[in-house]
Amino acid sequence: MMTGFRLNLSPLKEPLGFVKLVEWLTAIFAFGSCSGFSGKNIMSLLCGDGRNDTLDANFHYPFRLSAVPLIEGNATLCNQSATTTHMVGDSASSVEFFVGVAVVCFLYSMVALLDFLLTAVLVFLWLVCSSAWAKGLQNVKDATDTAGIGNTLAACRGANVTCEVTEFASMRPLNISVVFGYLNMLVWAGNAWFVYKETRWHSQKFSTQPGPGRQQVPSPI
């Protein structure tokens with residue numbers, strides 16, 4: 001007689017099992033919120049003769065901004081000739097490091113047995129990659145704002161030309177990824193304690209302590 005499938009959620013009632021579930025979810029949010037990101041800022045050039053020109057600054061993961069063209073080929077902006085111009089900056093190394101750690105933790109949290117030393121290493125990696133990506137994200141914001149794009153375009157340095165980003169891409173998913181990066185660090189740090197309790201170091205610590213009411217017999221001379 002066949003029995004119906006029954007999902008066993010009893011491991012999640014244990015502290016270690018619940019923490020593993022939280023690790024799995026936070027890792028998904030960490031790399032999912034930035035690995036698929038794409039945005040567009042619109043740069044408006046207010047020319048001295050009253051005419052306005054616009055440029056689209058499209059950027060996406062992994063944020064190799066130096067490969068993103070603002071101007072392709074020859075163009076005319078505010079009656080000035082402009083050649084091919086790319087954005088400035090490259091945050092690929094920091095964000096790919098961040099996503100790589102998140103994917104490793106996502107896969108590792110699905111393993112039944114966790115090792116204390118590897119868990120401690122992952123706590124450190126979350127701290128480093130989150131800090132690196134936070135700095136990389138700030139570089140992306142600086143390179144795509146009015147000052148960053150304005151310093152890149154030669155036309156914006158001309159007389160009687162005002163450049164301003166009039167439409168910004170939403171950076172909320174990227175900000176969320178940084179928050180979940182540090183949240184992952186805290187979750188894995190808490191998990192390290194539960195993993196440590198499963199190691200022999202913790203058991204040996206308590207096995208060597210004398211129990212209450214137990215007297216130590218002096219060794220014979």
# chains A, B, ... in the order shown; residues from 1 in each chain; ligands from 1
call {"tool": "select_by_dssp", "arguments": {"residues": "stretch 88-207 of chain A", "states": "strand (DSSP E)", "output": "list in words"}}
result
Thr162, Cys163, Glu164, Val165, Thr166 and Glu167 of chain A
call {"tool": "write_last_selection", "arguments": {"atoms": "C-alpha atoms", "output": "PDB file, in the first residue's frame"}}
result
ATOM      1  CA  THR A 162      24.847  72.357 -18.323  1.00  0.00           C
ATOM      2  CA  CYS A 163      24.734  68.603 -17.818  1.00  0.00           C
ATOM      3  CA  GLU A 164      22.456  66.923 -15.330  1.00  0.00           C
ATOM      4  CA  VAL A 165      21.173  63.394 -14.775  1.00  0.00           C
ATOM      5  CA  THR A 166      17.417  63.886 -14.888  1.00  0.00           C
ATOM      6  CA  GLU A 167      16.396  60.254 -14.435  1.00  0.00           C
TER       7      GLU A 167
END
call {"tool": "select_by_dssp", "arguments": {"residues": "stretch 135-185 of chain A", "states": "alpha helix (DSSP H)", "output": "ChimeraX atom specification"}}
result
/A:135-144,146-152,172-185
call {"tool": "write_last_selection", "arguments": {"atoms": "N, CA and C atoms", "output": "PDB file, in the first residue's frame"}}
result
ATOM      1  N   LYS A 135      31.853  49.173  -1.127  1.00  0.00           N
ATOM      2  CA  LYS A 135      32.718  50.184  -1.752  1.00  0.00           C
ATOM      3  C   LYS A 135      32.522  50.198  -3.262  1.00  0.00           C
ATOM      4  N   GLY A 136      32.399  49.017  -3.881  1.00  0.00           N
ATOM      5  CA  GLY A 136      32.165  48.959  -5.322  1.00  0.00           C
ATOM      6  C   GLY A 136      30.847  49.591  -5.714  1.00  0.00           C
ATOM      7  N   LEU A 137      29.806  49.384  -4.908  1.00  0.00           N
ATOM      8  CA  LEU A 137      28.506  49.995  -5.191  1.00  0.00           C
ATOM      9  C   LEU A 137      28.589  51.512  -5.114  1.00  0.00           C
ATOM     10  N   GLN A 138      29.349  52.019  -4.144  1.00  0.00           N
ATOM     11  CA  GLN A 138      29.513  53.467  -4.056  1.00  0.00           C
ATOM     12  C   GLN A 138      30.233  54.006  -5.286  1.00  0.00           C
ATOM     13  N   ASN A 139      31.193  53.234  -5.807  1.00  0.00           N
ATOM     14  CA  ASN A 139      31.875  53.648  -7.036  1.00  0.00           C
ATOM     15  C   ASN A 139      30.912  53.690  -8.216  1.00  0.00           C
ATOM     16  N   VAL A 140      29.986  52.716  -8.274  1.00  0.00           N
ATOM     17  CA  VAL A 140      28.983  52.713  -9.341  1.00  0.00           C
ATOM     18  C   VAL A 140      28.099  53.950  -9.234  1.00  0.00           C
ATOM     19  N   LYS A 141      27.677  54.280  -8.019  1.00  0.00           N
ATOM     20  CA  LYS A 141      26.826  55.457  -7.824  1.00  0.00           C
ATOM     21  C   LYS A 141      27.559  56.739  -8.221  1.00  0.00           C
ATOM     22  N   ASP A 142      28.837  56.827  -7.842  1.00  0.00           N
ATOM     23  CA  ASP A 142      29.608  58.031  -8.173  1.00  0.00           C
ATOM     24  C   ASP A 142      29.818  58.164  -9.679  1.00  0.00           C
ATOM     25  N   ALA A 143      30.022  57.022 -10.354  1.00  0.00           N
ATOM     26  CA  ALA A 143      30.305  57.074 -11.791  1.00  0.00           C
ATOM     27  C   ALA A 143      29.062  57.336 -12.622  1.00  0.00           C
ATOM     28  N   THR A 144      27.872  57.087 -12.058  1.00  0.00           N
ATOM     29  CA  THR A 144      26.641  57.248 -12.834  1.00  0.00           C
ATOM     30  C   THR A 144      25.827  58.459 -12.411  1.00  0.00           C
ATOM     31  N   THR A 146      25.480  62.806 -11.740  1.00  0.00           N
ATOM     32  CA  THR A 146      25.724  63.966 -12.605  1.00  0.00           C
ATOM     33  C   THR A 146      27.206  64.308 -12.696  1.00  0.00           C
ATOM     34  N   ALA A 147      27.884  64.302 -11.559  1.00  0.00           N
ATOM     35  CA  ALA A 147      29.304  64.661 -11.564  1.00  0.00           C
ATOM     36  C   ALA A 147      30.138  63.625 -12.303  1.00  0.00           C
ATOM     37  N   GLY A 148      29.837  62.344 -12.093  1.00  0.00           N
ATOM     38  CA  GLY A 148      30.625  61.296 -12.728  1.00  0.00           C
ATOM     39  C   GLY A 148      30.497  61.304 -14.243  1.00  0.00           C
ATOM     40  N   ILE A 149      29.260  61.355 -14.730  1.00  0.00           N
ATOM     41  CA  ILE A 149      29.060  61.370 -16.181  1.00  0.00           C
ATOM     42  C   ILE A 149      29.502  62.706 -16.769  1.00  0.00           C
ATOM     43  N   GLY A 150      29.266  63.798 -16.034  1.00  0.00           N
ATOM     44  CA  GLY A 150      29.665  65.108 -16.534  1.00  0.00           C
ATOM     45  C   GLY A 150      31.163  65.233 -16.711  1.00  0.00           C
ATOM     46  N   ASN A 151      31.931  64.632 -15.810  1.00  0.00           N
ATOM     47  CA  ASN A 151      33.389  64.667 -15.947  1.00  0.00           C
ATOM     48  C   ASN A 151      33.882  63.777 -17.075  1.00  0.00           C
ATOM     49  N   THR A 152      33.059  62.795 -17.475  1.00  0.00           N
ATOM     50  CA  THR A 152      33.454  61.888 -18.550  1.00  0.00           C
ATOM     51  C   THR A 152      33.215  62.504 -19.924  1.00  0.00           C
ATOM     52  N   ARG A 172      17.904  50.495  -5.346  1.00  0.00           N
ATOM     53  CA  ARG A 172      17.395  49.800  -4.164  1.00  0.00           C
ATOM     54  C   ARG A 172      17.801  48.328  -4.124  1.00  0.00           C
ATOM     55  N   PRO A 173      17.693  47.574  -5.251  1.00  0.00           N
ATOM     56  CA  PRO A 173      18.131  46.166  -5.173  1.00  0.00           C
ATOM     57  C   PRO A 173      19.595  46.016  -4.796  1.00  0.00           C
ATOM     58  N   LEU A 174      20.443  46.925  -5.267  1.00  0.00           N
ATOM     59  CA  LEU A 174      21.866  46.831  -4.938  1.00  0.00           C
ATOM     60  C   LEU A 174      22.109  47.182  -3.476  1.00  0.00           C
ATOM     61  N   ASN A 175      21.378  48.178  -2.959  1.00  0.00           N
ATOM     62  CA  ASN A 175      21.491  48.488  -1.533  1.00  0.00           C
ATOM     63  C   ASN A 175      21.028  47.309  -0.682  1.00  0.00           C
ATOM     64  N   ILE A 176      19.968  46.643  -1.142  1.00  0.00           N
ATOM     65  CA  ILE A 176      19.463  45.475  -0.414  1.00  0.00           C
ATOM     66  C   ILE A 176      20.505  44.363  -0.409  1.00  0.00           C
ATOM     67  N   SER A 177      21.220  44.198  -1.527  1.00  0.00           N
ATOM     68  CA  SER A 177      22.230  43.140  -1.583  1.00  0.00           C
ATOM     69  C   SER A 177      23.324  43.370  -0.547  1.00  0.00           C
ATOM     70  N   VAL A 178      23.725  44.634  -0.342  1.00  0.00           N
ATOM     71  CA  VAL A 178      24.745  44.930   0.670  1.00  0.00           C
ATOM     72  C   VAL A 178      24.213  44.623   2.070  1.00  0.00           C
ATOM     73  N   VAL A 179      22.952  45.001   2.323  1.00  0.00           N
ATOM     74  CA  VAL A 179      22.349  44.725   3.631  1.00  0.00           C
ATOM     75  C   VAL A 179      22.309  43.224   3.897  1.00  0.00           C
ATOM     76  N   PHE A 180      21.905  42.451   2.886  1.00  0.00           N
ATOM     77  CA  PHE A 180      21.849  41.004   3.069  1.00  0.00           C
ATOM     78  C   PHE A 180      23.243  40.401   3.165  1.00  0.00           C
ATOM     79  N   GLY A 181      24.235  41.066   2.597  1.00  0.00           N
ATOM     80  CA  GLY A 181      25.599  40.585   2.762  1.00  0.00           C
ATOM     81  C   GLY A 181      26.030  40.623   4.219  1.00  0.00           C
ATOM     82  N   TYR A 182      25.812  41.764   4.870  1.00  0.00           N
ATOM     83  CA  TYR A 182      26.161  41.870   6.290  1.00  0.00           C
ATOM     84  C   TYR A 182      25.233  41.018   7.156  1.00  0.00           C
ATOM     85  N   LEU A 183      23.968  40.870   6.727  1.00  0.00           N
ATOM     86  CA  LEU A 183      23.061  40.000   7.473  1.00  0.00           C
ATOM     87  C   LEU A 183      23.531  38.551   7.408  1.00  0.00           C
ATOM     88  N   ASN A 184      24.027  38.141   6.238  1.00  0.00           N
ATOM     89  CA  ASN A 184      24.589  36.798   6.115  1.00  0.00           C
ATOM     90  C   ASN A 184      25.756  36.602   7.067  1.00  0.00           C
ATOM     91  N   MET A 185      26.600  37.624   7.195  1.00  0.00           N
ATOM     92  CA  MET A 185      27.733  37.518   8.107  1.00  0.00           C
ATOM     93  C   MET A 185      27.257  37.265   9.535  1.00  0.00           C
TER      94      MET A 185
END
call {"tool": "residues_around", "arguments": {"residues": "A:Phe168", "least_positions_apart": "4", "cutoff": "9 Å", "atoms": "only C-alpha atoms", "output": "list in words"}}
result
Gly39, Lys40, Asn41, Ile42, Met43, Thr144 and Asp145 of chain A
call {"tool": "residues_around", "arguments": {"residues": "A:His86", "least_positions_apart": "2", "cutoff": "9 Å", "atoms": "only C-alpha atoms", "output": "number ranges by chain"}}
result
A: 65-72, 84, 88, 152-153
call {"tool": "write_last_selection", "arguments": {"atoms": "N, CA and C atoms", "output": "compact mmCIF listing (two decimals), in the first residue's frame"}}
result
# COMPACT_ATOMS: atom_id res chain seq x y z
N LEU A 65 31.90 49.40 -15.96
CA LEU A 65 31.43 50.67 -16.53
C LEU A 65 32.34 51.18 -17.63
N SER A 66 33.62 50.84 -17.56
CA SER A 66 34.54 51.30 -18.60
C SER A 66 34.23 50.69 -19.96
N ALA A 67 33.41 49.65 -19.99
CA ALA A 67 33.00 49.04 -21.25
C ALA A 67 31.62 49.50 -21.70
N VAL A 68 31.00 50.40 -20.93
CA VAL A 68 29.65 50.88 -21.26
C VAL A 68 29.78 52.17 -22.06
N PRO A 69 29.32 52.20 -23.31
CA PRO A 69 29.45 53.43 -24.12
C PRO A 69 28.36 54.44 -23.80
N LEU A 70 28.79 55.67 -23.58
CA LEU A 70 27.84 56.78 -23.50
C LEU A 70 27.54 57.32 -24.89
N ILE A 71 28.58 57.35 -25.71
CA ILE A 71 28.44 57.80 -27.09
C ILE A 71 29.09 56.75 -27.98
N GLU A 72 28.37 56.25 -28.96
CA GLU A 72 28.90 55.28 -29.90
C GLU A 72 29.09 55.96 -31.25
N THR A 84 33.42 58.48 -29.69
CA THR A 84 33.02 57.39 -28.81
C THR A 84 33.56 57.62 -27.40
N VAL A 88 33.27 55.59 -16.75
CA VAL A 88 34.51 55.38 -16.01
C VAL A 88 34.22 54.50 -14.80
N THR A 152 33.06 62.79 -17.47
CA THR A 152 33.45 61.89 -18.55
C THR A 152 33.21 62.50 -19.92
N LEU A 153 32.13 63.26 -20.07
CA LEU A 153 31.76 63.84 -21.37
C LEU A 153 32.50 65.15 -21.59
call {"tool": "closest_residue", "arguments": {"among": "A:Ser109, A:Gly48, A:Ala154, A:Asp56", "to": "A:Ala82", "atoms": "only C-alpha atoms"}}
result
A:Ala154
call {"tool": "residues_around", "arguments": {"residues": "stretch 124-128 of chain A", "least_positions_apart": "3", "cutoff": "9 Å", "atoms": "only C-alpha atoms", "output": "ChimeraX atom specification"}}
result
/A:98,101-102,119-121,131-133,181-186,188-189
call {"tool": "write_last_selection", "arguments": {"atoms": "N, CA and C atoms", "output": "short mmCIF file (atom, residue, chain, number, x, y, z; two decimals), in the first residue's frame"}}
result
data_model
loop_
_atom_site.label_atom_id
_atom_site.label_comp_id
_atom_site.auth_asym_id
_atom_site.auth_seq_id
_atom_site.Cartn_x
_atom_site.Cartn_y
_atom_site.Cartn_z
N PHE A 98 31.47 39.06 -4.27
CA PHE A 98 30.29 39.03 -3.41
C PHE A 98 29.33 37.93 -3.85
N VAL A 101 30.76 34.32 -3.17
CA VAL A 101 30.62 33.88 -1.78
C VAL A 101 29.17 33.51 -1.49
N ALA A 102 28.23 34.30 -2.01
CA ALA A 102 26.81 34.02 -1.78
C ALA A 102 26.40 32.67 -2.37
N THR A 119 32.84 27.10 8.51
CA THR A 119 31.84 28.10 8.85
C THR A 119 32.50 29.41 9.29
N ALA A 120 33.56 29.31 10.08
CA ALA A 120 34.27 30.51 10.51
C ALA A 120 34.90 31.23 9.32
N VAL A 121 35.42 30.45 8.36
CA VAL A 121 35.99 31.06 7.15
C VAL A 121 34.91 31.80 6.37
N SER A 131 31.99 44.22 2.48
CA SER A 131 32.67 45.51 2.55
C SER A 131 33.20 45.92 1.17
N ALA A 132 33.75 44.94 0.44
CA ALA A 132 34.27 45.24 -0.90
C ALA A 132 33.15 45.66 -1.84
N TRP A 133 32.02 44.95 -1.78
CA TRP A 133 30.91 45.29 -2.67
C TRP A 133 30.26 46.61 -2.26
N GLY A 181 24.23 41.07 2.60
CA GLY A 181 25.60 40.59 2.76
C GLY A 181 26.03 40.62 4.22
N TYR A 182 25.81 41.76 4.87
CA TYR A 182 26.16 41.87 6.29
C TYR A 182 25.23 41.02 7.16
N LEU A 183 23.97 40.87 6.73
CA LEU A 183 23.06 40.00 7.47
C LEU A 183 23.53 38.55 7.41
N ASN A 184 24.03 38.14 6.24
CA ASN A 184 24.59 36.80 6.12
C ASN A 184 25.76 36.60 7.07
N MET A 185 26.60 37.62 7.20
CA MET A 185 27.73 37.52 8.11
C MET A 185 27.26 37.27 9.54
N LEU A 186 26.21 37.99 9.97
CA LEU A 186 25.69 37.82 11.33
C LEU A 186 25.06 36.45 11.51
N TRP A 188 25.72 33.65 9.83
CA TRP A 188 26.75 32.61 9.84
C TRP A 188 27.58 32.68 11.12
N ALA A 189 27.76 33.87 11.67
CA ALA A 189 28.48 33.98 12.94
C ALA A 189 27.68 33.31 14.06
#
call {"tool": "closest_residue", "arguments": {"among": "A:Met110, A:Cys129, A:Val99, A:Cys47", "to": "A:Ser33", "atoms": "only C-alpha atoms"}}
result
A:Val99
call {"tool": "atom_distance", "arguments": {"atom1": "atom CA of A:Ala134", "atom2": "atom CA of A:Ala192"}}
result
24.1 Å
call {"tool": "closest_residue", "arguments": {"among": "A:Cys156, A:Ile28, A:Ala57, A:Leu21", "to": "A:Cys78", "atoms": "only C-alpha atoms"}}
result
A:Cys156
call {"tool": "atom_distance", "arguments": {"atom1": "atom CA of A:Tyr108", "atom2": "atom CA of A:Gly190"}}
result
15.8 Å
call {"tool": "closest_residue", "arguments": {"among": "A:Asp53, A:Tyr61, A:Gly100, A:Ser170", "to": "A:Ala155", "atoms": "only C-alpha atoms"}}
result
A:Asp53
call {"tool": "decode", "arguments": {"residues": "stretch 68-164 of chain A", "atoms": "C-alpha atoms", "output": "short mmCIF file (atom, residue, chain, number, x, y, z; two decimals), in the first residue's frame"}}
result
data_model
loop_
_atom_site.label_atom_id
_atom_site.label_comp_id
_atom_site.auth_asym_id
_atom_site.auth_seq_id
_atom_site.Cartn_x
_atom_site.Cartn_y
_atom_site.Cartn_z
CA VAL A 68 29.65 50.88 -21.26
CA PRO A 69 29.45 53.43 -24.12
CA LEU A 70 27.84 56.78 -23.50
CA ILE A 71 28.44 57.80 -27.09
CA GLU A 72 28.90 55.28 -29.90
CA GLY A 73 30.59 56.54 -33.03
CA ASN A 74 30.60 60.21 -33.91
CA ALA A 75 27.82 62.42 -32.61
CA THR A 76 27.01 66.08 -32.15
CA LEU A 77 26.11 67.36 -28.71
CA CYS A 78 25.26 71.02 -28.18
CA ASN A 79 26.79 71.87 -31.56
CA GLN A 80 30.02 70.12 -30.55
CA SER A 81 31.38 67.01 -32.19
CA ALA A 82 31.82 64.06 -29.84
CA THR A 83 33.59 60.78 -30.41
CA THR A 84 33.02 57.39 -28.81
CA THR A 85 33.01 57.87 -25.04
CA HIS A 86 32.74 55.24 -22.32
CA MET A 87 31.81 55.53 -18.67
CA VAL A 88 34.51 55.38 -16.01
CA GLY A 89 34.97 52.69 -13.37
CA ASP A 90 34.98 48.93 -12.93
CA SER A 91 33.34 47.25 -9.92
CA ALA A 92 33.26 43.77 -11.45
CA SER A 93 35.82 42.24 -9.10
CA SER A 94 34.01 43.28 -5.92
CA VAL A 95 30.51 42.31 -7.04
CA GLU A 96 31.65 38.99 -8.55
CA PHE A 97 33.48 38.21 -5.31
CA PHE A 98 30.29 39.03 -3.41
CA VAL A 99 28.09 36.86 -5.65
CA GLY A 100 30.64 34.03 -5.58
CA VAL A 101 30.62 33.88 -1.78
CA ALA A 102 26.81 34.02 -1.78
CA VAL A 103 26.54 31.10 -4.21
CA VAL A 104 29.04 29.01 -2.23
CA CYS A 105 27.09 29.65 0.98
CA PHE A 106 23.83 28.86 -0.79
CA LEU A 107 25.19 25.47 -1.84
CA TYR A 108 26.98 24.82 1.44
CA SER A 109 23.88 25.54 3.54
CA MET A 110 22.17 22.63 1.78
CA VAL A 111 24.75 20.16 3.11
CA ALA A 112 23.66 18.14 6.13
CA LEU A 113 26.89 18.38 8.16
CA LEU A 114 28.67 21.67 8.72
CA ASP A 115 32.26 22.04 9.74
CA PHE A 116 33.15 24.68 12.31
CA LEU A 117 36.36 25.84 10.67
CA LEU A 118 34.75 26.26 7.25
CA THR A 119 31.84 28.10 8.85
CA ALA A 120 34.27 30.51 10.51
CA VAL A 121 35.99 31.06 7.15
CA LEU A 122 32.64 31.86 5.53
CA VAL A 123 31.88 34.41 8.27
CA PHE A 124 35.15 36.15 7.43
CA LEU A 125 34.46 35.97 3.68
CA TRP A 126 31.01 37.52 4.15
CA LEU A 127 32.59 40.41 6.04
CA VAL A 128 35.26 40.98 3.39
CA CYS A 129 33.07 40.58 0.30
CA SER A 130 30.24 42.71 1.74
CA SER A 131 32.67 45.51 2.55
CA ALA A 132 34.27 45.24 -0.90
CA TRP A 133 30.91 45.29 -2.67
CA ALA A 134 29.69 48.21 -0.53
CA LYS A 135 32.72 50.18 -1.75
CA GLY A 136 32.16 48.96 -5.32
CA LEU A 137 28.51 50.00 -5.19
CA GLN A 138 29.51 53.47 -4.06
CA ASN A 139 31.88 53.65 -7.04
CA VAL A 140 28.98 52.71 -9.34
CA LYS A 141 26.83 55.46 -7.82
CA ASP A 142 29.61 58.03 -8.17
CA ALA A 143 30.30 57.07 -11.79
CA THR A 144 26.64 57.25 -12.83
CA ASP A 145 25.60 60.47 -11.13
CA THR A 146 25.72 63.97 -12.61
CA ALA A 147 29.30 64.66 -11.56
CA GLY A 148 30.63 61.30 -12.73
CA ILE A 149 29.06 61.37 -16.18
CA GLY A 150 29.67 65.11 -16.53
CA ASN A 151 33.39 64.67 -15.95
CA THR A 152 33.45 61.89 -18.55
CA LEU A 153 31.76 63.84 -21.37
CA ALA A 154 33.88 66.47 -23.05
CA ALA A 155 30.75 68.34 -24.15
CA CYS A 156 29.78 68.94 -20.53
CA ARG A 157 32.97 70.89 -19.98
CA GLY A 158 32.12 73.34 -22.74
CA ALA A 159 30.92 76.88 -22.18
CA ASN A 160 27.19 77.50 -21.78
CA VAL A 161 26.49 73.76 -21.44
CA THR A 162 24.85 72.36 -18.32
CA CYS A 163 24.73 68.60 -17.82
CA GLU A 164 22.46 66.92 -15.33
#
